[in-house]
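Visitor: The structure that follows is given in the form of structure tokens.
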Amino acid sequence: MTVHLAILPILIPLVGGLLMLLPPFAGVERYQYRRVAALCLMLAQIACSIILILMVVQNGAIMYAVGDWQPPFGIILYADQLSAMLVALTSFLGLGVTLYSFAGSDREGKYFHPLVQFQLLGIYGAFLTNDLFNLFVFFEVLLIASYTLLIHGGGKQKTAANVHYVILNLVGSSLFLFALGTLYGITGTLNIADMSLRVAQLSESNQLIAQAGGSLLLIVFGLKAAMLPLHFWLPRTYAAASAPVAALFAIMTKVGVYCIFRVYTVIFGDQAGDLANMIQPWVWPLAILTVIAGTVGALASPNLRTLAANLVIVSVGTLLIAFALRTPEATAAGFLYLIHSTLVTAALFLIADMLGQQRGKALDYFVVARKIKQQALFGVLFVVAAMAVAGLPPFSGFLAKLVILQSVTGVEQKIWVWSVILISSLITIIALSRAGTTLFWRSTPSRDNSETPGVSKWQICATFLLLGASPLLALFGASIIEYTNNAAAQLHDIPYLIEVMNLEENAQ
Amino acid sequence: MSLFWITAILLIGVLIPVLTERLGRTVNTIFTMLAPAIALAYIISLMPAVLAGEVVTEYLEWIPSIGLTLSMRLDGLALMFALLILGIGLLIILYARYYLSEKEAVGRFFSYLILFMTAMLSIVLSNNVLQMWMAWEVTSISSFLLISFWSSKSESRKGARMALTVTGAGGLALLAGLLLVSDMVGSYELSVILASGDLIREHALYPVALILILLGAFTKSAQFPFHFWLPHAMAAPTPVSAYLHSATMVKAGIFLLARMYPVLSGTEMWFLIVSMTGLITMLLGAYIALFKHDLKGLLAYSTISHLGLITLLLGLDTKLAAVAALFHIMNHAIFKASLFMAAGIIDHESGTRDMRKLGGLWHFMPYTATLAMVAAASMAGVPLLNGFLSKEMFLAETLHSSALGFISWMIPVLATLAAIFAVAYSLRFIHDVFFNGEPKELVKTPHEPPRYMKVPIEILVVLCVLIGIFPNFMIGGLLEAASSSVLMSELPYYIHEPPRYMKVPIEILVVLCVLIGIFPNFMIGGLLEAASSSVLMSELPYYSLSIWHGFNLPLLMSAIAISGGLLVYAYRSHLYRFQAQFKESDEKLIFEGAIQRLVASATRAHDGLNNGSLQRYIAALLLLTIAITTIPLINIDTAATNSPDQAVSGVEITAAFILCLSAIATVIFHRKRMVALITISVVGLIVSIAFARFSAPDLALTQLSVEVVTVILLMLALYFLPQKTPSESSPSRVVRDVAIAAALGGLVATINYAFITQPLDTISEFFLANSKTGGGGTNAVNVILVDFRGLDTLGEILVLGIAALGIFNLLARVRLAMPSANENGLAWSEDRHPPILAIISQSLLPLALLVSFYIFLRGHNMPGGGFIAGLITAVALIQQYIAHGVDWVKPRIKVDYQILIALGVLIATLTGIGSWFFDRPFMTTWFDYFDIPLIGEIELASALIFDLGVYLTVIGATLLILASLGKLTSSHRPTPEE
């Protein structure tokens, strides 16, 4: 089985998700079966991703030629430390989301668990493939799954948000195809590693066409990542989604960010001749503006979900800053931040949902409402999540922001990055302290909360799982930073990729 | 034992109060005190070594690669602060035990307090600036929790948020500053930084780093102009105020100044900024303190003033000034803590802190009054008390300073002025509370004694100090019993001495004040020396701690201060009248207002930009696309492009013309849905013809069948759209949209043209060459689909399946209104299922199935395949739905489409997994040729099973979508008359 390790993360949810659509798992009343199956599938995926990480660390990156067609001809899956890390992160998040949904949100509509599996499959695929067209396919899988998950639970708000989301992404998919056509037409290949070799050898006019194609990809990935000015869809969509779905979507923007890291490091990175780092002049200002836009949005948010959604935008901007710095150190810092921000923002969505359950009609809006029943529990959860997301010690956010600040070299960049990140942190603190004091303390004294339902054990368990990662990330920061450093070094080491792909002949 | 144990024990100590809360308050308090007591004992055990000049350091790796280590350092400065933090902390715990009412969650309170203590202690014991910064931020958070402890009060919440925001902002500036400094010296270890003073001061970025670090220090220690948060932090329970504003929190800023003194001070910039800030803060605080009617407000501004004094001392350019600063840190902590606690007792026992209501409490709580008086006297700088000693050193240093160059002479003058106010407000604290009439609510008529009658009382104060030291030995019991038994009986409400042990902390502190005042060298000489040497990092200047230095200028200044203070207090009503002309402003409201304006403008900016208009979002997307791709395209040298390979004939031109025309027509008629649908289907048709023309029969077939299915589905969907059309866009909007669309279209065309005119060298050659030998099929397109890029196909059929499930899911809960007429008002035909159509479609079904089966089988070698076959079957079945309606088909086709989809994808997947049993990667195909009698040679390929999966999925998905849409029409349709 270990030979096929690189494709297992794709196949486990695929087969599992399909089986859940068939008897004996199908049917409204069989939801207990599906839950057990979903739990087993998540555990299998986590086990698989951990083995994958161990293998990759031990034996180096894995190349898997689907259909036994060797590069550059067939579809190649490529699991390096970065991909393995992201697969593990996604499966961990998937477990949290699945557990959370056991409280009942998985029964608000049909197919929840199969769709989550397909969603995960698409994400894993995007992380694992080394083929641009295959990446498009996995984008489609994760998008179509996200469209359907978004309307899970139904309702006008979700449908309305979904219309924007779907239409924008359809435009994005079309642009993706334009870009693929252009790049294939110019470089004659779809394999990312192979394209990296060919881009450097293009004639001058072909370079420019490739640049146009490559730039189109930034729109596609930027839309997925919610980079300004392509971020408009995000707050409304994430705020409308049901809680576990919103939590799962915390990784979706990271898929876009990952693609930006991968494509613009491998294909249009340092070795791309005249096209080296061609996208950096665009990403640099847009990243900073994205942080600003997210921060402004956070301050303007009327409820905790929207606030969390805007913090997702801030995290995307921060990651893009790490990308725009174009050094392995900054890349490594970005990876640490990616892990942290995914888990913490996901947890924040879950916390917002549980708070909403206990505040009656006020939900998670920042208005005076009835007192929360489980004050102490939620107080601790909220404070930890808020501190982590704002980058306050001793949680992971502090560590992640610190390494990003440290990775900035050059006075001018320092001025920009430091001031933007630190001021954004401050405003996040302001926004979260206002949110917290209102949600927890400004309560109507008269109404008693004895009839408020307690939250489910599953929900608390899931939230602890995701949020608990934050202090652990900080505690074991040394080994995690060592890993992200290696992952970043491996990503930037193009000759190594070429070697693993057996493409040396072409390199000459 | 190691220094890390201190942090570890205290961290465990954070949990203890919550866990032991149910054991009763006294037990809880004892348990809570355990951890700080152990820590204090350990620190004291290290004292001899540190006093002897040793620096205890310890080191533990955490994340060495980013310079984050757990690194401890106990030098004189840290020792001094650690003793203050733990010692006063213990007293505060004891005090809080009596202060908090029975209802309150004392466990939670103690937990926050210990957390805060831990953080504070980590700041002072840290030998790594990053670690120090972490602890710094934790103090901000834990102080937020402490200040907002009474969270139901609006002022608590606002005060806490304000403190968090201001100190949080400073903390972030501090981080930047510390990172800069560390960059300069290449290490985050304090030992290294402290040894690199010259390097840092000469660095080009020194001014930036200095300002950032000072921002951190000044916000934390409430220096002007950041002082406004401190008075509002008084919304906290008094034990918190006593702790935060005497020995901790605000002293963290001072600690930072002292800590960085060796490396940052010594420049013009340092002296100027620090001394000016300190001076202004000192004056401002002292002045405002006089006008505060709230006891705690008075103490708060006096704290600000004293912090300014210490800052000023650190900003003066003499070494002795730094010694004085440290001395005053200790003294201030001791007298201020006791004063806050005394204020708490007054508040607690009388129900108000308003000095306008209080008065004459001396009669009711003489013992407390005595203690408060001694402490207040110390604050005022009255001789024989510790406050006097450090204040006199301060005054002496202001005389020697040249920090402000030629206008340095103003420093001693202004310092004396501040001292005058300090005396005045101290006096007010005592006089307005304990004397100056009676409590206002009392029925008893206020009775002012003659002037000289007060003199004996003042003598009694001194006596009471001694009684405070040896209460039992002196007359303790008698006095207490006498005063309470005589006075209480006449009172309408009960003011009494606080519980015995609530006074113990104050007693200890007051005793300390007195002892330090009388025997300075014996008490703190060694500690002060150790602390000073770690701040100055050089030979200590000569100084003497004694009460009497002879008649000199500082003594004169003290005398002026005291007499001046008396004068100011005596004539305070004039000052009050002057001050009353200013409008009373509440910083809390101003600050909250500023934040709310910030939020409002953020909301405006956000809503203005993010207005929920999809058109705007798409415009943004497209404009960015245009911007980002135009630049490379402009730079392409037109001469470098070749002409296209294929010649253009009339056929292509005609087709292209129709294509353009129908596309434009679609846009023009987009409000007439049927027309638009027809024109857009023309586009699809031309595309399929184009595929056929350019030798892609598979694509042509697929496109054609997809076109048929989508048009049918679209018609169904359009049927449900509301009849009303939204209003037209404004003309300018139309122009904008047309411009964007045209520009983007032009760009796409340009890119297309650009790359089709380039010589093509792709991996396609490989597919053509290997399709038969490697994939076992002569139809390269099909081999690509099921073999070379089978994973893509698998993904795409999954997409199709999910889409169908999603549509089913969406429509399952939708109740759409069915229009009774089309948009022109014509009623729908009554004849829902025309018989001719029914008969024809029914007879066509077997034929269609046969064709699709044929197409499916031949797919690997000839145009066809599972996808097209699936579509053909689907179209045939759709026809049945159209002809007979959902209700007719349902009982006749008893296939669960959901299962069909799942089975289809599963078959395709399992085919791929099958290759594992032959030790091949996923989806490695197998094929062979067999000679079967009668039929002849046929090829069997695993790809065929894969294609079967594709076939089933396509049918299942298409029909599931159709059935879901069609189901909506099957219920009773309202007639126009209804």
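Note on naming: chains are A, B, ... as they come in the structure tokens, residues start from 1 per chain, ligands start from 1 in the order shown.
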Kindly provide, as a count of residues only, the residues of chain A having any atom no farther than 7 Å from an atom of chain B, counting only C-alpha atoms.
Guide: 57
Visitor: Run DSSP on the backbone of this structure and report the residues of stretch 151-264 of chain A it assigns to helix (DSSP H, G or I), as a PyMOL selection string.
Guide: chain A and resi 156-187+192-200+204-225+233-240+243-249+252-264
Visitor: Nearest residue to A:Ala79 out of A:Leu95, A:Met55, A:Ile62, A:Leu142, using only C-alpha atoms?
Guide: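 Closest to A:Ala79 of all the choices is A:Ile62.
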Visitor: Please report, as JSON lines, each residue of stretch 71-188 of chain A lying at most 7 Å from stretch 35-51 of chain A, together with the nearest pair of atoms and the separation in Å rounded to one decimal; use only C-alpha atoms, and order rows by chain and ascending residue number.
Guide:
```
{"residue": "A:Ala84", "atom": "CA", "partner": "A:Ser49", "partner_atom": "CA", "distance": 6.5}
{"residue": "A:Val87", "atom": "CA", "partner": "A:Ser49", "partner_atom": "CA", "distance": 6.2}
{"residue": "A:Ala88", "atom": "CA", "partner": "A:Ser49", "partner_atom": "CA", "distance": 5.0}
{"residue": "A:Ser91", "atom": "CA", "partner": "A:Ile46", "partner_atom": "CA", "distance": 5.5}
{"residue": "A:Phe92", "atom": "CA", "partner": "A:Ile46", "partner_atom": "CA", "distance": 6.4}
{"residue": "A:Gly94", "atom": "CA", "partner": "A:Met42", "partner_atom": "CA", "distance": 6.8}
{"residue": "A:Leu95", "atom": "CA", "partner": "A:Met42", "partner_atom": "CA", "distance": 5.5}
{"residue": "A:His113", "atom": "CA", "partner": "A:Ala38", "partner_atom": "CA", "distance": 6.4}
```
Visitor: Go ahead and save the residues from that selection, with all heavy atoms, as an mmCIF file, in the first residue's frame.
Guide:
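result-v5.cif, freshly written:
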```cif
data_model
loop_
_atom_site.group_PDB
_atom_site.id
_atom_site.type_symbol
_atom_site.label_atom_id
_atom_site.label_comp_id
_atom_site.auth_asym_id
_atom_site.auth_seq_id
_atom_site.Cartn_x
_atom_site.Cartn_y
_atom_site.Cartn_z
ATOM 1 N N ALA A 84 2.444 17.068 1.718
ATOM 2 C CA ALA A 84 2.107 16.145 2.801
ATOM 3 C C ALA A 84 1.587 16.924 4.009
ATOM 4 O O ALA A 84 0.593 16.541 4.635
ATOM 5 C CB ALA A 84 3.336 15.331 3.183
ATOM 6 N N VAL A 87 -1.936 18.145 3.283
ATOM 7 C CA VAL A 87 -2.899 17.041 3.323
ATOM 8 C C VAL A 87 -3.216 16.708 4.776
ATOM 9 O O VAL A 87 -4.384 16.540 5.159
ATOM 10 C CB VAL A 87 -2.339 15.819 2.575
ATOM 11 C CG1 VAL A 87 -3.171 14.583 2.869
ATOM 12 C CG2 VAL A 87 -2.321 16.089 1.080
ATOM 13 N N ALA A 88 -2.171 16.657 5.591
ATOM 14 C CA ALA A 88 -2.391 16.340 7.003
ATOM 15 C C ALA A 88 -3.253 17.415 7.662
ATOM 16 O O ALA A 88 -4.189 17.116 8.403
ATOM 17 C CB ALA A 88 -1.054 16.214 7.720
ATOM 18 N N SER A 91 -6.853 16.990 6.554
ATOM 19 C CA SER A 91 -7.557 15.851 7.144
ATOM 20 C C SER A 91 -7.875 16.129 8.604
ATOM 21 O O SER A 91 -8.934 15.751 9.101
ATOM 22 C CB SER A 91 -6.719 14.577 6.996
ATOM 23 O OG SER A 91 -5.488 14.719 7.659
ATOM 24 N N PHE A 92 -6.953 16.807 9.280
ATOM 25 C CA PHE A 92 -7.191 17.153 10.680
ATOM 26 C C PHE A 92 -8.403 18.079 10.791
ATOM 27 O O PHE A 92 -9.299 17.876 11.621
ATOM 28 C CB PHE A 92 -5.936 17.815 11.243
ATOM 29 C CG PHE A 92 -6.012 18.109 12.703
ATOM 30 C CD1 PHE A 92 -5.954 17.092 13.631
ATOM 31 C CD2 PHE A 92 -6.130 19.408 13.154
ATOM 32 C CE1 PHE A 92 -6.020 17.356 14.979
ATOM 33 C CE2 PHE A 92 -6.198 19.692 14.502
ATOM 34 C CZ PHE A 92 -6.148 18.665 15.419
ATOM 35 N N GLY A 94 -10.735 18.284 8.624
ATOM 36 C CA GLY A 94 -11.892 17.475 8.235
ATOM 37 C C GLY A 94 -12.453 16.694 9.412
ATOM 38 O O GLY A 94 -13.672 16.592 9.579
ATOM 39 N N LEU A 95 -11.556 16.169 10.245
ATOM 40 C CA LEU A 95 -12.014 15.426 11.418
ATOM 41 C C LEU A 95 -12.812 16.353 12.339
ATOM 42 O O LEU A 95 -13.903 16.002 12.796
ATOM 43 C CB LEU A 95 -10.823 14.834 12.167
ATOM 44 C CG LEU A 95 -11.178 14.099 13.466
ATOM 45 C CD1 LEU A 95 -12.001 12.857 13.174
ATOM 46 C CD2 LEU A 95 -9.928 13.735 14.256
ATOM 47 N N HIS A 113 -22.200 14.149 4.622
ATOM 48 C CA HIS A 113 -20.915 13.465 4.778
ATOM 49 C C HIS A 113 -20.263 13.098 3.450
ATOM 50 O O HIS A 113 -19.059 13.317 3.288
ATOM 51 C CB HIS A 113 -21.069 12.251 5.699
ATOM 52 C CG HIS A 113 -21.322 12.652 7.113
ATOM 53 N ND1 HIS A 113 -20.415 13.392 7.835
ATOM 54 C CD2 HIS A 113 -22.379 12.466 7.928
ATOM 55 C CE1 HIS A 113 -20.895 13.625 9.033
ATOM 56 N NE2 HIS A 113 -22.091 13.085 9.124
#
```
Visitor: Determine which residues of stretch 72-268 of chain B DSSP labels as strand (DSSP E or B) from the backbone of this structure, then write them out as a PyMOL selection string.
Guide: chain B and resi 72-74+126+128+189
Visitor: May I have the residues from that selection written out with C-alpha atoms, as a short mmCIF file (atom, residue, chain, number, x, y, z; two decimals), in the first residue's frame?
Guide:
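Final file, selection24.cif:
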```
data_model
loop_
_atom_site.label_atom_id
_atom_site.label_comp_id
_atom_site.auth_asym_id
_atom_site.auth_seq_id
_atom_site.Cartn_x
_atom_site.Cartn_y
_atom_site.Cartn_z
CA MET B 72 15.98 33.55 32.93
CA ARG B 73 18.00 36.24 34.55
CA LEU B 74 17.95 37.24 38.19
CA SER B 126 13.38 37.27 31.42
CA ASN B 128 15.35 36.99 26.27
CA GLU B 189 19.38 37.32 24.55
#
```
Visitor: Show which residues sit within 6 Å of stretch 336-344 of chain A, as a list in words. Count only C-alpha atoms, and ignore same-chain residues fewer than 6 positions away.
Guide: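 My list of contacting residues is Ala250, Ile251, Ala400, Leu466 and Leu467 of chain A.
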Visitor: Excluding A:Cys461 and its own-chain neighbours fewer than 2 positions away, which residues fall within 12 Å of it when counting only C-alpha atoms? Please give them as JSON, numbers by chain.
Guide: {"A": [95, 96, 97, 98, 99, 100, 101, 102, 103, 347, 350, 351, 377, 381, 455, 456, 457, 458, 459, 463, 464, 465, 466, 467, 468]}
Visitor: What's around B:Lys772 at 9 Å? Count only C-alpha atoms, leave out sequence neighbours fewer than 6 positions away in its own chain, and write the answer as an mmCIF file with all heavy atoms, in the first residue's frame.
Guide:
```
data_model
loop_
_atom_site.group_PDB
_atom_site.id
_atom_site.type_symbol
_atom_site.label_atom_id
_atom_site.label_comp_id
_atom_site.auth_asym_id
_atom_site.auth_seq_id
_atom_site.Cartn_x
_atom_site.Cartn_y
_atom_site.Cartn_z
ATOM 1 N N THR B 778 -7.221 3.086 -31.160
ATOM 2 C CA THR B 778 -6.789 3.947 -32.250
ATOM 3 C C THR B 778 -7.402 5.327 -32.133
ATOM 4 O O THR B 778 -6.948 6.252 -32.782
ATOM 5 C CB THR B 778 -7.173 3.339 -33.614
ATOM 6 O OG1 THR B 778 -8.566 2.992 -33.544
ATOM 7 C CG2 THR B 778 -6.354 2.113 -33.918
ATOM 8 N N ASN B 779 -8.445 5.464 -31.342
ATOM 9 C CA ASN B 779 -9.041 6.773 -31.136
ATOM 10 C C ASN B 779 -8.281 7.476 -30.006
ATOM 11 O O ASN B 779 -8.512 7.241 -28.824
ATOM 12 C CB ASN B 779 -10.522 6.641 -30.789
ATOM 13 C CG ASN B 779 -11.159 7.991 -30.505
ATOM 14 O OD1 ASN B 779 -10.507 9.026 -30.628
ATOM 15 N ND2 ASN B 779 -12.422 7.966 -30.133
ATOM 16 N N ALA B 780 -7.338 8.343 -30.422
ATOM 17 C CA ALA B 780 -6.455 8.959 -29.440
ATOM 18 C C ALA B 780 -7.236 9.777 -28.420
ATOM 19 O O ALA B 780 -6.876 9.827 -27.232
ATOM 20 C CB ALA B 780 -5.427 9.834 -30.143
ATOM 21 N N VAL B 783 -8.551 7.454 -25.880
ATOM 22 C CA VAL B 783 -7.460 6.903 -25.069
ATOM 23 C C VAL B 783 -6.963 7.954 -24.085
ATOM 24 O O VAL B 783 -6.655 7.659 -22.939
ATOM 25 C CB VAL B 783 -6.321 6.387 -25.971
ATOM 26 C CG1 VAL B 783 -5.159 5.909 -25.116
ATOM 27 C CG2 VAL B 783 -6.817 5.253 -26.845
ATOM 28 N N ASN B 861 -11.725 2.844 -30.364
ATOM 29 C CA ASN B 861 -11.008 2.905 -31.634
ATOM 30 C C ASN B 861 -11.585 3.912 -32.613
ATOM 31 O O ASN B 861 -10.900 4.388 -33.500
ATOM 32 C CB ASN B 861 -10.993 1.523 -32.277
ATOM 33 C CG ASN B 861 -10.152 0.554 -31.457
ATOM 34 O OD1 ASN B 861 -9.007 0.856 -31.139
ATOM 35 N ND2 ASN B 861 -10.736 -0.563 -31.076
#
```
Visitor: Interatomic distance between atom CA of B:Glu592 and atom CA of A:Thr295?
Guide: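 Value for the atom CA of B:Glu592-atom CA of A:Thr295 distance: 18.8 Å.
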Visitor: Would you kindly return, as an NGL selection string, each protein, DNA or RNA residue with an atom no farther than 9 Å from any atom of stretch 479-495 of chain A, considering only C-alpha atoms and excluding same-chain residues fewer than 4 positions away?
Guide: (:A and (57 or 61 or 80-83 or 85 or 193 or 196 or 261-262 or 265-266 or 269-271 or 327-336 or 473-474 or 499-500 or 504)) or (:B and (63 or 65-66))
Visitor: Write the residues of the selection above to a file with C-alpha atoms, as a compact mmCIF listing (two decimals), in the first residue's frame.
Guide:
```
# COMPACT_ATOMS: atom_id res chain seq x y z
CA VAL A 57 10.63 13.13 5.54
CA ALA A 61 9.45 13.50 -2.13
CA ASP A 80 6.71 16.64 -1.09
CA GLN A 81 6.91 17.95 2.45
CA LEU A 82 4.66 20.87 1.60
CA SER A 83 1.93 18.73 0.04
CA MET A 85 1.84 18.86 5.42
CA ALA A 193 8.05 20.56 -13.30
CA SER A 196 9.37 25.04 -15.25
CA PHE A 261 3.24 29.46 -3.89
CA ARG A 262 3.64 26.36 -6.02
CA THR A 265 7.88 29.36 -7.26
CA VAL A 266 8.31 26.35 -9.53
CA GLY A 269 10.28 31.37 -9.81
CA ASP A 270 13.92 32.37 -9.62
CA GLN A 271 15.00 30.04 -12.44
CA THR A 327 12.73 33.99 0.07
CA PRO A 328 12.68 30.45 1.42
CA GLU A 329 12.67 31.92 4.93
CA ALA A 330 9.55 33.95 4.24
CA THR A 331 7.94 30.96 2.54
CA ALA A 332 8.61 28.84 5.61
CA ALA A 333 7.15 31.54 7.82
CA GLY A 334 4.10 31.62 5.57
CA PHE A 335 3.62 27.86 5.94
CA LEU A 336 3.61 28.09 9.71
CA LEU A 473 1.84 24.47 17.67
CA ALA A 474 3.56 27.00 19.87
CA GLU A 499 15.40 14.94 -10.36
CA VAL A 500 12.46 13.30 -8.64
CA GLU A 504 17.07 15.54 -16.24
CA ILE B 63 12.67 27.41 19.38
CA SER B 65 16.07 28.78 15.25
CA ILE B 66 14.02 31.94 15.66
```
Visitor: Interatomic distance between atom CA of B:Ile562 and atom CA of B:Ser401?
Guide: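 We find that atom CA of B:Ile562 and atom CA of B:Ser401 lie 22.7 Å from each other.
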